[in-house]
Every structure is written in C-alpha cells, then in structure tokens.
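Data block for model29.txt (compact mmCIF, C-alpha atoms (C1' of nucleotides)):
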# COMPACT_ATOMS: atom_id res chain seq x y z
CA MET A 1 16.05 70.11 -40.53
CA PRO A 2 12.66 70.89 -39.05
CA ALA A 3 10.85 73.62 -40.94
CA GLN A 4 9.04 74.70 -37.82
CA ALA A 5 10.30 75.54 -34.39
CA THR A 6 8.63 74.31 -31.24
CA ILE A 7 8.61 76.92 -28.50
CA LEU A 8 7.29 76.48 -25.01
CA HIS A 9 6.38 79.19 -22.56
CA ALA A 10 6.36 78.02 -18.94
CA ASP A 11 4.82 80.31 -16.36
CA LEU A 12 4.41 79.59 -12.64
CA ASP A 13 0.87 80.27 -11.44
CA ALA A 14 0.32 83.13 -8.95
CA PHE A 15 3.91 82.47 -8.03
CA TYR A 16 4.51 84.28 -4.72
CA ALA A 17 1.13 83.28 -3.39
CA SER A 18 1.65 79.65 -4.44
CA VAL A 19 4.95 79.58 -2.57
CA GLU A 20 3.25 80.87 0.58
CA GLN A 21 0.64 78.14 0.26
CA LEU A 22 3.36 75.58 -0.25
CA LEU A 23 5.24 76.71 2.87
CA ASP A 24 2.13 76.96 5.05
CA PRO A 25 -0.48 74.27 4.28
CA THR A 26 -3.13 76.10 6.31
CA LEU A 27 -3.15 78.77 3.58
CA ARG A 28 -4.03 76.33 0.80
CA GLY A 29 -7.41 76.81 -0.82
CA ARG A 30 -7.79 80.22 0.83
CA PRO A 31 -7.73 83.73 -0.64
CA ILE A 32 -4.37 85.20 0.30
CA ALA A 33 -2.30 88.16 -0.79
CA VAL A 34 1.42 88.71 -0.41
CA GLY A 35 2.14 92.22 0.76
CA GLY A 36 0.36 94.69 2.99
CA GLY A 37 0.01 98.30 1.94
CA VAL A 38 0.06 97.10 -1.63
CA VAL A 39 -0.74 93.66 -3.07
CA LEU A 40 2.38 92.15 -4.59
CA ALA A 41 0.65 88.91 -5.56
CA ALA A 42 -2.71 87.24 -5.03
CA SER A 43 -3.71 83.57 -4.94
CA TYR A 44 -6.27 82.33 -7.46
CA GLU A 45 -8.81 82.12 -4.66
CA ALA A 46 -8.30 85.87 -4.13
CA LYS A 47 -8.20 86.68 -7.84
CA ARG A 48 -11.70 85.32 -8.14
CA PHE A 49 -12.79 88.28 -6.03
CA GLY A 50 -11.01 90.70 -8.33
CA VAL A 51 -7.89 91.11 -6.21
CA GLN A 52 -4.89 91.94 -8.40
CA GLY A 53 -1.21 92.68 -8.05
CA GLY A 54 -0.46 96.39 -7.66
CA MET A 55 -3.77 97.04 -5.92
CA SER A 56 -3.74 98.85 -2.59
CA GLY A 57 -4.30 96.68 0.46
CA TRP A 58 -7.51 98.35 1.63
CA MET A 59 -9.05 98.03 -1.84
CA ALA A 60 -8.22 94.32 -1.91
CA LYS A 61 -9.75 93.83 1.51
CA ARG A 62 -12.88 95.60 0.38
CA LEU A 63 -13.24 93.30 -2.62
CA CYS A 64 -12.47 90.21 -0.60
CA PRO A 65 -13.20 90.58 3.12
CA GLY A 66 -11.86 87.08 3.89
CA LEU A 67 -8.47 87.94 2.43
CA THR A 68 -5.41 86.99 4.47
CA PHE A 69 -2.23 89.02 4.07
CA VAL A 70 1.01 87.14 4.42
CA GLY A 71 4.52 88.47 4.76
CA GLY A 72 6.76 87.55 1.88
CA HIS A 73 9.39 84.82 2.12
CA PHE A 74 11.38 86.55 -0.59
CA ARG A 75 14.48 84.41 -0.37
CA GLU A 76 12.32 81.34 -0.83
CA TYR A 77 10.80 82.80 -4.00
CA GLN A 78 14.22 83.17 -5.54
CA ARG A 79 15.39 79.73 -4.42
CA LEU A 80 12.31 77.86 -5.63
CA ALA A 81 12.13 79.73 -8.93
CA ASP A 82 15.78 78.91 -9.57
CA GLN A 83 14.98 75.24 -8.95
CA VAL A 84 12.18 75.40 -11.48
CA MET A 85 14.53 76.92 -14.05
CA GLU A 86 16.91 74.02 -13.45
CA VAL A 87 14.15 71.58 -14.24
CA LEU A 88 13.42 73.47 -17.47
CA GLY A 89 17.10 73.26 -18.34
CA ASP A 90 16.85 69.48 -18.29
CA PHE A 91 14.70 69.60 -21.42
CA THR A 92 16.81 71.95 -23.56
CA PRO A 93 19.80 74.25 -23.20
CA TRP A 94 17.78 76.92 -25.00
CA VAL A 95 16.06 78.53 -22.06
CA GLN A 96 15.34 82.26 -21.97
CA ARG A 97 14.23 83.36 -18.54
CA ILE A 98 12.20 86.53 -18.87
CA SER A 99 11.36 87.14 -15.23
CA ILE A 100 11.66 85.37 -11.92
CA ASP A 101 8.81 82.99 -12.69
CA GLU A 102 8.59 82.48 -16.46
CA ALA A 103 10.75 81.35 -19.34
CA PHE A 104 10.74 80.42 -23.00
CA LEU A 105 12.17 77.10 -24.12
CA ASP A 106 13.10 76.14 -27.65
CA VAL A 107 12.50 72.39 -27.67
CA THR A 108 12.73 71.94 -31.43
CA GLY A 109 15.74 69.71 -30.99
CA SER A 110 14.39 67.90 -27.94
CA VAL A 111 11.47 66.21 -29.60
CA HIS A 112 13.43 63.09 -30.46
CA LEU A 113 14.36 62.71 -26.79
CA PHE A 114 11.16 63.62 -24.99
CA GLY A 115 8.41 63.21 -27.56
CA PRO A 116 6.00 65.73 -29.07
CA PRO A 117 5.28 69.14 -27.48
CA HIS A 118 2.33 67.83 -25.55
CA ALA A 119 4.48 65.16 -23.92
CA ILE A 120 7.22 67.65 -23.02
CA GLY A 121 4.75 70.12 -21.53
CA THR A 122 3.11 67.36 -19.51
CA ARG A 123 6.43 66.09 -18.22
CA ILE A 124 7.58 69.59 -17.21
CA ARG A 125 4.39 70.19 -15.29
CA GLU A 126 4.64 66.83 -13.51
CA ARG A 127 8.22 67.38 -12.49
CA VAL A 128 7.66 70.91 -11.19
CA ARG A 129 4.62 69.70 -9.27
CA ASP A 130 6.31 66.57 -7.84
CA GLU A 131 9.80 67.84 -7.16
CA ILE A 132 9.10 71.42 -6.11
CA GLY A 133 5.42 71.42 -5.28
CA LEU A 134 4.28 74.32 -7.44
CA PRO A 135 1.67 74.62 -10.19
CA ILE A 136 2.98 75.78 -13.55
CA SER A 137 1.20 76.44 -16.83
CA VAL A 138 2.73 75.70 -20.20
CA GLY A 139 1.90 76.90 -23.70
CA ALA A 140 3.40 75.38 -26.85
CA ALA A 141 3.41 76.80 -30.38
CA THR A 142 5.69 77.66 -33.28
CA THR A 143 6.60 81.14 -32.00
CA LYS A 144 7.39 82.73 -28.65
CA HIS A 145 4.54 85.12 -28.86
CA LEU A 146 1.99 82.44 -29.59
CA ALA A 147 3.42 80.15 -26.93
CA LYS A 148 3.01 82.92 -24.38
CA ILE A 149 -0.58 83.50 -25.35
CA ALA A 150 -1.16 79.75 -25.11
CA SER A 151 0.19 79.63 -21.56
CA GLN A 152 -2.05 82.54 -20.56
CA VAL A 153 -5.01 80.63 -21.94
CA ALA A 154 -3.83 77.50 -20.12
CA LYS A 155 -3.83 79.19 -16.71
CA PRO A 156 -4.33 78.19 -14.03
CA ASP A 157 -2.37 74.97 -13.85
CA GLY A 158 -2.90 73.90 -17.44
CA LEU A 159 -1.29 73.01 -20.75
CA VAL A 160 -2.27 74.31 -24.17
CA VAL A 161 -0.61 73.16 -27.37
CA VAL A 162 -1.41 75.10 -30.54
CA PRO A 163 -0.94 72.87 -33.58
CA PRO A 164 0.64 74.76 -36.50
CA SER A 165 -2.38 74.08 -38.68
CA ARG A 166 -4.82 75.60 -36.20
CA GLU A 167 -3.15 78.87 -35.24
CA ARG A 168 -5.72 81.20 -36.77
CA GLU A 169 -8.55 79.21 -35.37
CA PHE A 170 -6.96 79.44 -31.92
CA LEU A 171 -6.11 83.14 -32.04
CA ASP A 172 -9.04 84.76 -33.78
CA PRO A 173 -11.58 84.74 -30.94
CA LEU A 174 -9.09 85.82 -28.24
CA PRO A 175 -9.10 89.38 -26.87
CA VAL A 176 -6.38 91.69 -28.20
CA SER A 177 -5.17 92.36 -24.66
CA LEU A 178 -3.51 88.92 -24.67
CA VAL A 179 -1.08 90.18 -27.30
CA TRP A 180 2.26 91.12 -25.86
CA GLY A 181 2.65 94.89 -26.16
CA ILE A 182 -1.04 95.74 -25.98
CA GLY A 183 -1.79 97.37 -22.64
CA PRO A 184 -4.72 99.43 -21.42
CA VAL A 185 -4.00 102.47 -23.63
CA THR A 186 -3.62 100.54 -26.87
CA ARG A 187 -6.55 98.28 -26.04
CA GLN A 188 -8.73 101.35 -25.61
CA ARG A 189 -7.47 102.87 -28.84
CA LEU A 190 -8.28 99.67 -30.72
CA ALA A 191 -11.67 99.35 -29.05
CA GLU A 192 -12.58 102.79 -30.35
CA ARG A 193 -12.07 101.37 -33.85
CA GLY A 194 -14.23 98.37 -33.04
CA ILE A 195 -11.27 96.02 -32.70
CA HIS A 196 -11.68 93.69 -29.76
CA THR A 197 -10.40 90.32 -30.88
CA ILE A 198 -7.16 89.18 -32.44
CA GLY A 199 -9.17 88.12 -35.50
CA GLU A 200 -10.45 91.66 -35.94
CA LEU A 201 -6.91 92.94 -35.48
CA ALA A 202 -5.65 90.60 -38.20
CA ALA A 203 -8.32 91.85 -40.60
CA TYR A 204 -7.39 95.50 -40.10
CA PRO A 205 -5.25 97.04 -42.87
CA ASP A 206 -1.57 97.31 -41.97
CA GLN A 207 -1.37 100.94 -43.04
CA SER A 208 -4.18 101.96 -40.75
CA LEU A 209 -2.64 100.00 -37.92
CA ARG A 210 0.62 101.89 -38.28
CA ALA A 211 -1.20 105.20 -38.50
CA LEU A 212 -3.13 104.35 -35.37
CA LEU A 213 -0.36 102.94 -33.20
CA GLY A 214 2.90 104.28 -34.58
CA ARG A 215 5.36 102.58 -36.84
CA ALA A 216 6.98 100.08 -34.49
CA LEU A 217 3.94 98.69 -32.74
CA GLY A 218 1.84 98.84 -35.91
CA THR A 219 4.42 96.88 -37.87
CA LYS A 220 4.85 94.41 -35.05
CA LEU A 221 1.16 93.75 -34.73
CA ALA A 222 0.74 93.49 -38.49
CA ALA A 223 3.52 90.91 -38.57
CA PHE A 224 1.98 89.09 -35.65
CA ALA A 225 -1.38 88.97 -37.34
CA VAL A 226 0.09 86.98 -40.22
CA ASN A 227 2.33 84.99 -37.90
CA HIS A 228 5.68 86.36 -39.06
CA ASP A 229 6.87 86.63 -35.56
CA GLU A 230 10.12 86.57 -33.66
CA ARG A 231 10.76 82.98 -32.74
CA ARG A 232 14.34 82.86 -31.64
CA VAL A 233 14.85 81.95 -28.02
CA ARG A 234 17.89 83.88 -26.81
CA ARG A 235 19.86 83.05 -23.79
CA ASN A 236 19.78 85.80 -21.23
CA GLY A 237 21.87 88.90 -21.76
CA ARG A 238 22.91 91.64 -19.40
CA ALA A 239 20.78 94.54 -18.30
CA SER A 240 21.28 97.83 -20.10
CA SER A 241 20.24 100.08 -17.24
CA VAL A 242 20.15 99.97 -13.45
CA GLY A 243 17.83 101.93 -11.26
CA ALA A 244 16.12 102.27 -7.93
CA GLN A 245 13.14 104.21 -6.75
CA SER A 246 11.40 105.03 -3.54
CA ALA A 247 7.83 106.14 -2.93
CA PHE A 248 7.27 107.97 0.32
CA GLY A 249 3.79 109.47 0.24
CA ARG A 250 3.21 113.19 -0.11
CA ARG A 251 6.14 115.21 1.16
CA GLU A 252 7.39 118.71 0.75
CA PRO A 253 10.52 118.54 -1.32
CA ASP A 254 13.03 120.12 1.04
CA ALA A 255 16.71 119.78 0.32
CA GLU A 256 17.33 117.49 3.26
CA LEU A 257 14.70 114.97 2.24
CA ILE A 258 15.99 114.98 -1.30
CA ARG A 259 19.57 114.44 -0.27
CA ALA A 260 18.63 111.61 2.08
CA VAL A 261 16.48 109.73 -0.41
CA LEU A 262 18.86 110.21 -3.32
CA GLY A 263 21.81 109.12 -1.19
CA HIS A 264 20.01 105.91 -0.39
CA LEU A 265 18.96 105.25 -3.99
CA ALA A 266 22.35 106.14 -5.42
CA ASP A 267 23.92 103.78 -2.90
CA ARG A 268 21.82 100.87 -4.14
CA VAL A 269 22.42 101.67 -7.80
CA ALA A 270 26.12 102.45 -7.60
CA GLY A 271 26.67 99.45 -5.31
CA ARG A 272 25.21 97.13 -7.91
CA LEU A 273 27.25 98.78 -10.64
CA ARG A 274 30.51 98.32 -8.74
CA ALA A 275 29.61 94.75 -7.82
CA SER A 276 29.27 93.90 -11.49
CA GLY A 277 32.24 95.90 -12.66
CA ARG A 278 30.18 98.34 -14.66
CA ALA A 279 29.49 102.06 -14.84
CA GLY A 280 27.19 104.26 -16.87
CA ARG A 281 27.36 107.59 -18.63
CA THR A 282 23.71 108.64 -18.48
CA VAL A 283 22.07 109.51 -15.18
CA THR A 284 18.29 109.89 -15.14
CA VAL A 285 16.09 111.00 -12.28
CA ARG A 286 12.34 110.85 -12.03
CA VAL A 287 10.25 113.03 -9.79
CA ARG A 288 6.63 112.17 -9.23
CA PHE A 289 4.16 114.87 -8.27
CA PRO A 290 0.98 113.62 -6.60
CA PRO A 291 -1.13 111.99 -7.66
CA LEU A 292 0.79 110.35 -10.49
CA ASN A 293 2.34 112.78 -12.96
CA ALA A 294 6.04 112.33 -13.25
CA VAL A 295 8.82 114.17 -15.00
CA THR A 296 12.32 113.02 -15.84
CA ARG A 297 15.61 114.83 -16.20
CA SER A 298 18.72 113.22 -17.51
CA SER A 299 22.32 114.06 -18.11
CA THR A 300 24.88 112.22 -20.18
CA ARG A 301 28.37 112.58 -18.76
CA ARG A 302 31.69 112.49 -20.42
CA TYR A 303 32.90 109.71 -18.12
CA PRO A 304 31.00 106.70 -16.78
CA VAL A 305 29.81 106.97 -13.18
CA SER A 306 29.89 104.23 -10.55
CA THR A 307 30.56 105.88 -7.21
CA THR A 308 27.72 106.61 -4.82
CA LEU A 309 28.93 110.09 -4.03
CA THR A 310 29.22 111.24 -7.62
CA LEU A 311 25.90 109.67 -8.55
CA THR A 312 24.23 111.37 -5.60
CA GLU A 313 25.60 114.77 -6.60
CA ILE A 314 24.47 114.46 -10.21
CA ALA A 315 21.05 113.16 -9.20
CA GLU A 316 20.61 115.97 -6.70
CA HIS A 317 21.40 118.53 -9.34
CA LEU A 318 18.90 117.01 -11.77
CA VAL A 319 16.13 116.79 -9.17
CA HIS A 320 16.57 120.43 -8.23
CA GLN A 321 16.43 121.27 -11.93
CA ALA A 322 13.16 119.39 -12.29
CA LEU A 323 11.70 121.08 -9.22
CA ALA A 324 12.73 124.49 -10.51
CA ASP A 325 10.79 123.78 -13.69
CA HIS A 326 7.70 122.92 -11.63
CA ARG A 327 7.63 125.51 -8.92
CA ASP A 328 3.85 125.34 -8.85
CA ARG A 329 3.99 121.89 -7.30
CA SER A 330 4.30 121.88 -3.53
CA GLU A 331 4.64 118.16 -2.95
CA ILE A 332 6.41 115.13 -4.37
CA SER A 333 5.70 111.46 -3.75
CA LEU A 334 8.51 109.50 -5.39
CA LEU A 335 12.12 109.84 -6.46
CA ALA A 336 13.97 107.51 -8.78
CA VAL A 337 17.54 107.29 -9.99
CA SER A 338 18.75 105.22 -12.88
CA VAL A 339 21.97 104.83 -14.80
CA SER A 340 22.16 103.74 -18.44
CA ASN A 341 24.61 103.79 -21.32
CA LEU A 342 26.53 101.16 -19.38
CA VAL A 343 30.11 100.24 -20.08
CA GLY A 344 32.30 97.47 -18.67
CA GLU A 345 35.30 97.54 -16.43
CA ALA A 346 37.84 97.94 -19.21
CA ALA A 347 36.33 101.23 -20.28
CA ILE A 348 36.25 102.56 -16.72
CA GLN A 349 39.91 102.08 -15.94
CA LEU A 350 41.20 104.60 -18.45
CA GLU A 351 44.38 106.26 -17.30
CA LEU A 352 44.30 109.96 -17.96
CA PRO A 353 46.64 112.76 -17.02
CA LEU A 354 46.16 113.95 -13.49
CA LEU A 355 45.38 117.59 -13.95
CA PRO A 356 42.34 119.42 -12.62
CA ASP A 357 40.74 117.61 -9.74
CA ASP A 358 37.50 116.57 -11.33
CA ALA A 359 35.64 113.93 -9.34
CA GLU A 360 34.13 112.47 -12.48
CA ARG A 361 37.35 112.12 -14.39
CA PRO A 362 38.92 108.69 -14.02
CA GLY A 363 42.40 108.96 -12.58
CA SER A 364 41.86 112.30 -10.87
CA ARG A 365 42.78 112.28 -7.21
CA GLU A 366 39.22 112.90 -6.12
CA ALA A 367 37.85 110.11 -8.31
CA VAL A 368 40.44 107.65 -7.03
CA ASN A 369 39.69 108.60 -3.43
CA ARG A 370 35.98 108.12 -3.87
CA TRP A 371 36.40 104.86 -5.66
CA ALA A 372 38.77 103.49 -3.01
CA ALA A 373 36.61 104.59 -0.09
CA GLU A 374 33.53 102.99 -1.56
CA ARG A 375 35.27 99.79 -2.57
CA SER A 376 36.46 99.29 1.00
CA MET A 377 32.93 99.98 2.22
CA ASP A 378 31.67 97.37 -0.25
CA ALA A 379 34.14 94.91 1.24
CA VAL A 380 33.00 95.57 4.80
CA ARG A 381 29.41 95.11 3.78
CA GLU A 382 30.22 91.88 2.04
CA ARG A 383 31.53 90.50 5.32
CA PHE A 384 29.21 92.07 7.83
CA GLY A 385 26.05 92.89 5.94
CA ARG A 386 24.61 95.93 4.23
CA GLU A 387 23.55 97.71 7.37
CA SER A 388 26.98 97.52 9.02
CA VAL A 389 28.36 100.63 7.40
CA GLY A 390 27.54 103.41 5.02
CA TYR A 391 24.56 105.56 4.28
CA ALA A 392 21.97 105.28 6.98
CA SER A 393 18.82 103.88 5.47
CA VAL A 394 16.31 106.64 5.21
CA ALA A 395 13.72 106.50 7.93
CA LEU A 396 10.71 107.43 5.86
CA SER A 397 7.48 105.84 6.96
CA PRO A 398 9.19 102.44 7.07
CA ARG A 399 5.91 100.56 6.84
CA GLN A 400 5.49 101.72 3.29
CA SER A 401 8.86 100.79 2.07
CA VAL A 402 9.50 97.43 0.51
CA PRO A 403 12.12 95.08 1.96
CA ASP A 404 15.45 94.88 0.14
CA ASP A 405 14.94 91.17 -0.41
CA PHE A 406 11.86 91.96 -2.42
CA ARG A 407 13.63 94.59 -4.44
CA ALA A 408 16.32 92.05 -5.23
CA LEU A 409 13.77 89.73 -6.86
CA ALA A 410 13.06 92.26 -9.56
CA GLU A 411 16.68 93.05 -10.33
CA HIS A 412 18.00 91.92 -13.67
CA ASP A 413 21.47 90.46 -14.08
CA LEU A 414 23.95 93.21 -14.65
C1' DT B 415 -7.35 104.50 2.58
C1' DC B 416 -5.04 105.96 -3.32
C1' DT B 417 -1.71 103.03 -6.08
C1' DG B 418 5.48 99.26 -5.14
C1' DG B 419 9.78 98.46 -7.64
C1' DG B 420 12.93 96.98 -11.58
C1' DG B 421 13.24 97.03 -16.19
C1' DT B 422 12.76 97.62 -21.95
C1' DC B 423 11.51 99.97 -26.00
C1' DC B 424 9.58 103.74 -28.92
C1' DT B 425 8.77 108.58 -30.45
C1' DA B 426 9.81 113.22 -31.48
C1' DG B 427 12.49 117.27 -31.56
C1' DG B 428 16.92 119.48 -31.53
C1' DA B 429 22.02 119.77 -31.94
C1' DC B 430 25.77 118.72 -34.56
C1' DC B 431 28.60 116.73 -38.21
C1' DC B 432 29.60 115.48 -42.91
C1' DT C 433 25.95 132.25 -50.73
C1' DC C 434 21.79 129.30 -50.34
C1' DT C 435 20.25 124.78 -49.95
C1' DG C 436 19.89 119.68 -49.02
C1' DG C 437 19.92 115.12 -46.87
C1' DG C 438 21.51 111.53 -43.78
C1' DG C 439 23.45 109.79 -39.52
C1' DT C 440 24.25 109.95 -34.62
C1' DC C 441 23.62 111.47 -30.10
C1' DC C 442 20.95 113.55 -26.49
C1' DT C 443 16.66 114.71 -23.88
C1' DA C 444 11.85 114.12 -22.28
C1' DG C 445 7.84 111.67 -22.19
C1' DG C 446 5.16 107.61 -22.36
C1' DA C 447 3.48 102.68 -22.97
C1' DC C 448 4.29 98.35 -21.49
C1' DC C 449 5.99 94.09 -19.00
C1' DC C 450 6.71 91.25 -14.73

Step by step, read the file and then write its structure as structure tokens.
Amino acid sequence: MPAQATILHADLDAFYASVEQLLDPTLRGRPIAVGGGVVLAASYEAKRFGVQGGMSGWMAKRLCPGLTFVGGHFREYQRLADQVMEVLGDFTPWVQRISIDEAFLDVTGSVHLFGPPHAIGTRIRERVRDEIGLPISVGAATTKHLAKIASQVAKPDGLVVVPPSREREFLDPLPVSLVWGIGPVTRQRLAERGIHTIGELAAYPDQSLRALLGRALGTKLAAFAVNHDERRVRRNGRASSVGAQSAFGRREPDAELIRAVLGHLADRVAGRLRASGRAGRTVTVRVRFPPLNAVTRSSTRRYPVSTTLTLTEIAEHLVHQALADHRDRSEISLLAVSVSNLVGEAAIQLELPLLPDDAERPGSREAVNRWAAERSMDAVRERFGRESVGYASVALSPRQSVPDDFRALAEHDL
DNA sequence: TCTGGGGTCCTAGGACCC
DNA sequence: TCTGGGGTCCTAGGACCC
C-alpha cells in the first residue's frame, strides 16, 4: 500500500488558440486571439504582448497591433478535448475533468504499468502531441493542489514533477497567486500584510490567516501551507445549478426588453433541465447596472420548476422586484437566470390532488399543459434544430452575443 | 472602444423550530 | 414568564475558477 499518492494535473496550453493553429497552419507562430468583441483565448505569441482572456478586443489590439482575430471552431474544441480526455483515461480510470481542457489523474496505481510519474507525464505529453497535435502541460505531485501548481509552472508545453522530499523547496519562492482560491482581492489583502510568496504565507500564523481571510479560506490555506491537502481525485459528479446570462450593453429596462431577454434565457435553462430530467426549487436572477455592480434576487418555490413559461414568469417577477429596489438606476447591461436546489425526475412526478389550477403545482391542469407543450417543442427541436420552433431568439445587437456552440462548451454535465 | 458566459463555494443575518 | 442554544432553511452579496 503506497503511503503517498501520485496525482497528475494535465492542462492543455492556450487551448482554443492552439486548436485554431492546429486547424490552420498559417496561424502557427503568430499572435492570435479567438473571439472578437472580447478575447476568449489568446495564443502564447499574443500573451507575450499582455493579451489575456476576458479582455476587450480593442484593448488587445492596442497591446498587440499584429494580433489576428479568428472565429471559433467551437465544435472542434469539444471534439479534440474529448479525445485528449480519452488518452488520459488510458493511464488510469481515476480521471477528474475539471473543465473542458484540464483534468486531474490519480496514477498511484499505474506506476507499476507505466513507470514513475516523470515517465507517465512524458508519455501523456507525447501521445497528445502525436495523436491529436496539441501541446499539453503536466504537473505531478502528491496532492491535487500541488500538481496543479506544478502544471502552471510547467507551462507552456512542459512537465514538472515535484518530488515529495522537495515540496517546500519548490513552493516557498512561488507567488501566492498560484494557490487555488487566491484571486486578485485576496492577493491584495495578503500583499498589504507583506505576504507575497507561498513561503511567507506558510510562515504566517494560522489564527491571523483566519482573521484576515475568513474561516474557510484561512483554514484551507493554513492546511495547504503544511501540505495537509485534499488529494482525492473524484470522478465527475453532476452540476448543482444551471444558469444562463446575456449581456446587451446599456439599455433602458423596459418591460418588453426584460420579457424578451428572460424568455430567451429561461428557454435555455429550462430546456437543459428537461433534457436531463431535472428541475429546481430556487430561481435566482441577476441584474447588472452599468458599469459592473450587480444585484441578485432569488425565490425558493414549493415545487421544482422546469418549464420555460413558469421560469420566465418567476424570473420576470424577481427582476421587477430588483428594479423597484433600485429606481435610481436608469440603465441595465445584463440579465441572468439560474436555477438551483435541483432534484431528479422522481421528485418531479409527484401526483397531487387536482384542485386549484396552480401552474407550479405538479399535476395541476395548467402545469400538465405547460409541460406537455414544451416537451413536444423539445421533440421538434431535437429533429429540426433549435431555431425551428419556439421563442424567437432575441435580436439584441447580435454582434455582441456569443454563439450557442460557445456557450455549450462551458456547460457542466447536468 | 469598457469588460462574455457557465459554474462553485462562503459569509452573514433573519426566520423558524425544537 | 423570561431565557437559552442549536439546527436548518432562505436570501443577498461576493470571491473565485475556467
């Protein structure tokens, strides 16, 4: 029984951009960005100029005048990433995919088949390069967290193995921002205390850390500092919430706009819920007021929701509530709808007495009608495509909106 | 020319129950 | 007839991740 686990973190490099360069050889070696109005991904050649994901297109162009924007081949991203995950699965059944382009592998039991961590990492990188044509970085260590840091250090296109005896030596000089869970706000808060490196973080008293960052994060970081970290690689579970959002620039929040956008969002969300046989009791909306302040309103229902019409009505009510609380704001720039507190099919199909006609109550005539109408619409769409029937997609500055195929990449399994 | 979209987890206060 | 403590659920906001 091995006392120590061996965990790998495999992470495709500048994934979307690498796929574009794979598909079109004339793009190789050049600074490119996937996207347009906003940068969804940048190649390493572009990153050298400071171009980053999430950045607006004009800003990226200003940093890197030679930048080429390419339209996304979103289906290809999914297909190629799935192929990579299959390769990973050849080395161990213990693969935890954490996003489209990265995964943890527990290879503790694979060492007798494939050799030490360094050999496994090397073999994975060769196979992904030879069989799929993409660069991938790999980190290896005794915990997930450390393996992930190692792969970040390995990038681009590298392999870093942290031997168990040299963990402190490896970690201490690294910036705290490499620690999972430390973002800009926490990094700033730590910097104000003179903490910049992981070594300095480790030396900081646990109590003070908790006082500074709150119980959960403080405890987590304290545990991390002494390497008492979560190391179990779980296989992937199901999502616990489903949502959709749409940004549309500054608009006056008139009732018509709100109904149109929410109808569209609710359609996406409820459609995915029905497709996976789930429904959720809590409906949350988010309203963003320019430039970036957002408020949320939520409502937990007695019965789980999965029809577009019901979800739209609830969301509309919540949005109007939020707007009423912020009458001073004359414009909004984003609406979001999400459903949580999910339950499975069995819990949805409750038979209840058919008394008052409440659209949210399972078994009521109205609920059955809605459900049936939308299920038949789902069926038509399945055969003839999403656009064939149903809620007209909202014609809001279409150049700003992101294609459905791109949205699908970010969806978690329901 | 301002900043996309899909998620998870934590905190804090209040309601309510035992 | 005042007080207490714990647990659970809900709501709103926020940090963070990819």

Neighbour list for DT440 (chain C) as a count of residues only, cut-off 12 Å, all atoms listed in the file, skip fewer than 5 positions in-chain | 4

Residues of chain B near chain A: apply a cut-off of 8 Å, count all atoms listed in the file, and supply the list as a list in words.
->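 Only these qualify: DT415, DC416, DT417, DG418, DG419, DG420, DG421 and DC424 of chain B.
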
Which one is closest to Glu131 (chain A): A:Pro175, A:Gln83, A:Glu169, A:Gly344? Count all atoms listed in the file.
->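 Closest candidate: A:Gln83.
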
Quote the spacing between C1' of DA444 (chain C) and CA of Glu256 (chain A) in Å to one decimal place.
-> 26.3 Å

Atomic separation - CA of Ile258 (chain A) relative to CA of Thr307 (chain A), Å =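 Result for CA of Thr307 (chain A) versus CA of Ile258 (chain A): 18.2 Å, one decimal.
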
For CA of Ile195 (chain A) and CA of Pro173 (chain A), quote the distance in Å rounded to one decimal.
->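 Distance reported for this atom pair: 11.4 Å.
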
Tell me, as a list in words, which residues lie within 8 Å of Gly121 (chain A), counting all atoms listed in the file; anything in the same chain fewer than 5 positions away does not count.
->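 Skipping anything fewer than 5 positions along the chain leaves Leu8, Val138, Gly139, Ala140 and Leu159 of chain A.
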
Proximity to DG446 (chain C) - best of A:Leu335, A:Ala359, A:Val295, A:Ala372, all atoms listed in the file |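 Using all atoms listed in the file, DG446 (chain C) sits closest to A:Val295.
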
Find the spatial neighbours of Ala266 (chain A), counting all atoms listed in the file, within a cut-off of 7 Å - ignore same-chain residues fewer than 6 positions away - and output them as a list in words.
->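 Selected residues are Thr308, Leu311, Thr312 and Val337 of chain A.
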
Closest to Arg281 (chain A) among A:Asn341, A:Ser306, A:Asn293, A:Ser99, using only C-alpha atoms?
->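 Of the candidates, the smallest distance to Arg281 (chain A) is held by A:Asn341.
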
Which neighbours of Gly263 (chain A) fall inside 10 Å, counting all atoms listed in the file, when residues of the same chain fewer than 3 positions from it are skipped, and could you give them as a ChimeraX atom specification?
-> /A:257-260,266-269,308-309,311-313,315-316,337,391-394
